[in-house]
Structure formats: structure tokens, C-alpha cells
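Colleague: The structure under discussion is supplied below as C-alpha cells; questions concerning it will follow.
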Amino acid sequence: MIAVITLNYNQNDFTLKCVESILKSKFEDFKLFLVENGSTVENYKQLKDQLPKDSKIELRRLENNRGYVGGINYGLEEANNFNPDYFLIMNNDTILDENAINELKRTCDDYNQKAIVTGKVYHYDEPNKFQDIGYTFYDKNVLKISRIGLNEEDKGQYDRIEERDMLDDVFWLLPSKLYKEIEISLYTLGKNMA
């Protein structure tokens, strides 16, 4: 099972389009954890009323905005209760291709679930131009990075699986076993520092 996590903060139009694209996925074994991250009460009620009635959607409301990282962490904690095999974390202004989840999972499985996987990201308003293909370090001593493919027209130039030094957080698939290892490591680190 894949737990898809996205946030909404007073952006119902983007969020509803995102949800619609997720529900069209050819991969069927997923739950969508939509975290309502401190939007106004009115915005929340409108979103709740406009969401498709689908058992795959788990709407969670936070009264106060916890920021992006806090909202995603909350979503991970909530989704983890369902024991997913993977987490798909994505921005709410992202339209997911119907084959994306299948391809992300296949690629992750090809690497024995020891990889965080993403795909080509296109501009929302220019769907033939890349917004993000990842980053590479050109000076690791001071973490200077180079963005790959920004604003290039897609002519098939990034159709191979390639390792990147850094990924944007537009969407990525994370195996739950990696999440649990990281969570345990951070817990142990925090315990040792106390």
C-alpha cells in the first residue's frame, strides 16, 4: 500500500485538481492523506464539501498551520498508522500522471526499496518544459549546486534512470522501511544528545 501525503493551506483549487489526478492513478492500492494545514474554517469547510466522496481519501485537519515540514511530518505520522509500504509525498499544486505511481514503485523496487524516487517535473502552465529534474553538486565542500534541465523543452533527454545529489520536494516516493530507519536514527541521536 502507498500512502500519498499532501497539504492544503487555503489553496482549494490547486488541491482539488491534485486530488483528482491522484484518484485517476492506474495504481490502485493507495490512501491519500490530505492534511488541512491550518486554513481558515471557511476554506476547510469548502474543501471538505468539494472533495470527491472516495474511501481512499483521509482528510486530517490541523487547527494551526505547522508549516510545510510540520504538516508533512504530521501526515507521515498519521499515514504510518496504516502500515504502508511506501509514502508518496507531493505538493498540492502538482498534477500526477496516471502512470506515475506505478513507475515510481517499479523503480524503487528495482533498487530493493533503498532509494527515494522522483520523476520529471514540468511547469504547471508549460507542460512541455521542465521545472525540475534534480540537482548535482559542483562543489560539495560548500554545497554549490547546479539545477538540471530547468526550462528545457522535453525531447526525451532525461528518460534514463539517474542518481541525483539532491531532489526537489515536488513529489517523491519513499519506502516506509527507510522512513522507519531514519525515524529510529533521529530518535537515537536525540536521546544520545539529551
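Residues are referred to by chain and number: the chain letter is A, B, ... according to the order shown in the C-alpha cells, the number counts from 1 in that chain, and ligands are numbered separately from 1 in the order shown.
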Would you mind listing what lies within 6 Å of region 165-173 of chain A as a ChimeraX atom specification, with only C-alpha atoms counted and same-chain residues fewer than 6 positions away left out?
Modeller: /A:87-91,116-118,134-136
Colleague: Which residues, written as a compact mmCIF listing (two decimals) with C-alpha atoms, in the first residue's frame, have at least one atom at most 10 Å from region 107-115 of chain A, with only C-alpha atoms counted and residues fewer than 2 positions away on the same chain left out?
Modeller:
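Generated output (part-v3.txt):
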```txt
# COMPACT_ATOMS: atom_id res chain seq x y z
CA ASP A 85 4.93 0.03 2.14
CA TYR A 86 5.73 3.47 0.71
CA ILE A 101 2.84 5.82 -9.07
CA ASN A 102 3.35 2.53 -10.93
CA GLU A 103 6.61 3.79 -12.43
CA LEU A 104 7.89 5.22 -9.15
CA LYS A 105 7.15 1.97 -7.32
CA VAL A 117 12.49 8.17 -6.29
CA THR A 118 11.02 11.06 -8.24
CA ILE A 161 17.19 6.49 -14.52
CA GLU A 163 21.20 9.28 -9.49
CA LEU A 173 8.35 8.10 -3.26
CA LEU A 174 9.97 6.98 -0.03
CA PRO A 175 9.97 3.33 1.10
CA SER A 176 8.49 3.06 4.59
CA LYS A 177 11.44 0.98 5.77
CA LEU A 178 13.75 3.93 5.01
```
Colleague: From a DSSP calculation on the backbone, collect every residue of region 81-170 of chain A in helix (DSSP H, G or I) and output the set as a ChimeraX atom specification.
Modeller: /A:100-110
Colleague: Which polymer residues have any atom within 6 Å of an atom of Phe33 (chain A), counting only C-alpha atoms, with same-chain residues fewer than 2 positions away left out, as number ranges by chain?
Modeller: A: 4-5, 58
Colleague: Taking into account only C-alpha atoms, which residue in the set A:Leu59, A:Leu34, A:Val19, A:Met1 is nearest to Leu96 (chain A)?
Modeller: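 Looking at the shortest contact to Leu96 (chain A), the residue is A:Val19.
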Colleague: Using DSSP on the backbone coordinates, identify all residues within chain A classified as strand (DSSP E or B); present the result as a PyMOL selection string.
Modeller: chain A and resi 2-8+30-37+57-62+86-90+117+121-122+129-132+135-139+144-147+153+166+171-175
Colleague: Please produce an output containing N, CA and C atoms for each residue in the selection, written as a short mmCIF file (atom, residue, chain, number, x, y, z; two decimals), in the first residue's frame.
Modeller:
```
data_model
loop_
_atom_site.label_atom_id
_atom_site.label_comp_id
_atom_site.auth_asym_id
_atom_site.auth_seq_id
_atom_site.Cartn_x
_atom_site.Cartn_y
_atom_site.Cartn_z
N ILE A 2 0.46 2.24 -0.72
CA ILE A 2 1.17 3.51 -0.76
C ILE A 2 0.32 4.58 -0.08
N ALA A 3 0.93 5.29 0.84
CA ALA A 3 0.27 6.41 1.50
C ALA A 3 0.73 7.68 0.78
N VAL A 4 -0.21 8.35 0.14
CA VAL A 4 0.07 9.60 -0.54
C VAL A 4 -0.23 10.73 0.44
N ILE A 5 0.72 11.66 0.58
CA ILE A 5 0.56 12.74 1.56
C ILE A 5 0.70 14.08 0.84
N THR A 6 -0.28 14.94 1.03
CA THR A 6 -0.18 16.30 0.52
C THR A 6 -0.87 17.23 1.50
N LEU A 7 -0.53 18.51 1.41
CA LEU A 7 -1.06 19.52 2.32
C LEU A 7 -1.97 20.49 1.58
N ASN A 8 -2.88 21.09 2.31
CA ASN A 8 -3.64 22.22 1.80
C ASN A 8 -3.57 23.36 2.80
N PHE A 30 -3.73 2.52 -2.71
CA PHE A 30 -3.20 3.70 -2.03
C PHE A 30 -4.27 4.33 -1.16
N LYS A 31 -3.81 5.12 -0.21
CA LYS A 31 -4.67 6.00 0.57
C LYS A 31 -4.07 7.39 0.48
N LEU A 32 -4.92 8.37 0.31
CA LEU A 32 -4.48 9.76 0.22
C LEU A 32 -4.72 10.43 1.56
N PHE A 33 -3.64 10.88 2.18
CA PHE A 33 -3.73 11.63 3.44
C PHE A 33 -3.60 13.10 3.11
N LEU A 34 -4.74 13.76 3.10
CA LEU A 34 -4.80 15.18 2.80
C LEU A 34 -4.81 15.93 4.12
N VAL A 35 -3.72 16.63 4.39
CA VAL A 35 -3.58 17.37 5.65
C VAL A 35 -4.01 18.81 5.41
N GLU A 36 -5.07 19.18 6.06
CA GLU A 36 -5.58 20.56 6.02
C GLU A 36 -4.79 21.30 7.08
N ASN A 37 -3.82 22.11 6.60
CA ASN A 37 -2.76 22.65 7.46
C ASN A 37 -3.07 24.06 7.95
N ILE A 57 -9.62 8.63 0.45
CA ILE A 57 -9.21 9.95 0.97
C ILE A 57 -9.38 9.98 2.48
N GLU A 58 -8.28 10.31 3.16
CA GLU A 58 -8.29 10.52 4.62
C GLU A 58 -7.97 12.00 4.84
N LEU A 59 -8.97 12.77 5.18
CA LEU A 59 -8.79 14.20 5.43
C LEU A 59 -8.48 14.40 6.91
N ARG A 60 -7.37 15.10 7.17
CA ARG A 60 -6.96 15.41 8.54
C ARG A 60 -6.82 16.93 8.67
N ARG A 61 -7.34 17.47 9.75
CA ARG A 61 -7.28 18.92 9.94
C ARG A 61 -6.37 19.29 11.10
N LEU A 62 -5.48 20.23 10.83
CA LEU A 62 -4.68 20.87 11.88
C LEU A 62 -5.26 22.26 12.08
N TYR A 86 5.07 2.27 1.24
CA TYR A 86 5.73 3.47 0.71
C TYR A 86 4.93 4.70 1.14
N PHE A 87 5.63 5.83 1.12
CA PHE A 87 5.00 7.14 1.24
C PHE A 87 5.28 7.90 -0.05
N LEU A 88 4.25 8.49 -0.61
CA LEU A 88 4.42 9.39 -1.76
C LEU A 88 4.09 10.78 -1.26
N ILE A 89 5.11 11.60 -1.10
CA ILE A 89 4.93 12.96 -0.60
C ILE A 89 4.91 13.89 -1.81
N MET A 90 3.90 14.74 -1.88
CA MET A 90 3.80 15.63 -3.03
C MET A 90 3.16 16.96 -2.69
N VAL A 117 12.67 8.08 -4.85
CA VAL A 117 12.49 8.17 -6.29
C VAL A 117 11.55 9.31 -6.64
N VAL A 121 9.56 16.73 -13.59
CA VAL A 121 8.59 17.72 -13.12
C VAL A 121 8.52 18.82 -14.18
N TYR A 122 7.31 19.07 -14.63
CA TYR A 122 7.09 20.09 -15.66
C TYR A 122 6.44 21.33 -15.03
N LYS A 129 7.81 21.89 -20.68
CA LYS A 129 9.09 22.41 -20.19
C LYS A 129 9.34 21.95 -18.77
N PHE A 130 10.60 21.58 -18.52
CA PHE A 130 10.96 21.07 -17.20
C PHE A 130 11.04 22.17 -16.16
N GLN A 131 10.49 21.86 -15.01
CA GLN A 131 10.69 22.70 -13.83
C GLN A 131 11.82 22.12 -12.99
N ASP A 132 11.85 20.77 -12.93
CA ASP A 132 12.85 20.15 -12.08
C ASP A 132 13.18 18.74 -12.56
N TYR A 135 19.20 17.95 -8.92
CA TYR A 135 20.37 18.82 -8.78
C TYR A 135 21.62 17.98 -8.68
N THR A 136 22.72 18.58 -9.07
CA THR A 136 24.02 17.95 -8.87
C THR A 136 24.93 18.97 -8.18
N PHE A 137 25.80 18.48 -7.33
CA PHE A 137 26.76 19.35 -6.66
C PHE A 137 27.95 19.58 -7.59
N TYR A 138 28.34 20.81 -7.77
CA TYR A 138 29.59 21.06 -8.49
C TYR A 138 30.70 21.47 -7.53
N ASP A 139 30.37 21.69 -6.28
CA ASP A 139 31.37 21.90 -5.23
C ASP A 139 30.77 21.42 -3.92
N LYS A 144 27.59 23.84 -3.33
CA LYS A 144 27.14 24.58 -4.51
C LYS A 144 26.50 23.59 -5.46
N ILE A 145 25.30 23.94 -5.92
CA ILE A 145 24.54 23.01 -6.74
C ILE A 145 24.24 23.58 -8.11
N SER A 146 23.98 22.68 -9.02
CA SER A 146 23.55 23.05 -10.36
C SER A 146 22.22 22.37 -10.62
N ARG A 147 21.25 23.15 -11.06
CA ARG A 147 19.92 22.61 -11.34
C ARG A 147 19.92 22.02 -12.74
N GLU A 153 12.90 22.26 -22.99
CA GLU A 153 11.78 21.55 -23.58
C GLU A 153 12.10 20.06 -23.54
N MET A 166 20.64 15.80 -5.15
CA MET A 166 19.56 16.42 -4.39
C MET A 166 18.30 16.42 -5.24
N PHE A 171 7.44 15.96 -5.77
CA PHE A 171 6.87 14.66 -5.44
C PHE A 171 8.00 13.64 -5.37
N TRP A 172 7.93 12.77 -4.38
CA TRP A 172 8.89 11.67 -4.31
C TRP A 172 8.35 10.53 -3.49
N LEU A 173 8.77 9.34 -3.91
CA LEU A 173 8.35 8.10 -3.26
C LEU A 173 9.45 7.65 -2.31
N LEU A 174 9.05 7.38 -1.09
CA LEU A 174 9.97 6.98 -0.03
C LEU A 174 9.51 5.64 0.54
N PRO A 175 10.35 4.60 0.49
CA PRO A 175 9.97 3.33 1.10
C PRO A 175 9.79 3.50 2.61
#
```
Colleague: Restricting the calculation to only C-alpha atoms: of A:Asp29, A:Glu63, A:Glu162, A:Asp13, which residue gets closest to Gln46 (chain A)?
Modeller: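 Of A:Asp29, A:Glu63, A:Glu162, A:Asp13, the one nearest Gln46 (chain A), counting only C-alpha atoms, is A:Asp13.
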Colleague: Between A:Glu42, A:Asp154, A:Asp93, A:Glu98, single out the one closest to Asp125 (chain A), counting only C-alpha atoms.
Modeller: A:Asp93
Colleague: Could you work out how far CA of Leu16 (chain A) lies from CA of Tyr74 (chain A), giving the answer in Å with one decimal?
Modeller: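 Taking CA of Tyr74 (chain A) as the start and CA of Leu16 (chain A) as the end point, the length is 20.3 Å.
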Colleague: Take CA of Tyr44 (chain A) and CA of Gln11 (chain A) and report the distance between them in Å, one decimal.
Modeller: 9.9 Å
Colleague: Can you work out the spacing between CA of Asp159 (chain A) and CA of Tyr124 (chain A) in Å, to one decimal?
Modeller: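 Those two atoms sit 19.7 Å apart.
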Colleague: Kindly indicate which residue among A:Asn151, A:Asn65, A:Asn80, A:Asn12 lies nearest to Gly38 (chain A), using only C-alpha atoms for the distances.
Modeller: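 Using only C-alpha atoms, Gly38 (chain A) sits closest to A:Asn65.
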Colleague: Kindly indicate which residue among A:Glu20, A:Phe27, A:Phe82, A:Tyr68 lies nearest to Lys53 (chain A), using only C-alpha atoms for the distances.
Modeller: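 Checking each of A:Glu20, A:Phe27, A:Phe82, A:Tyr68 against Lys53 (chain A), counting only C-alpha atoms, the winner is A:Glu20.
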Colleague: Excluding same-chain residues fewer than 4 positions from Asn99 (chain A), what lies within 12 Å of it counting only C-alpha atoms, as a PyMOL selection string?
Modeller: chain A and resi 21-28+95+103-106+119
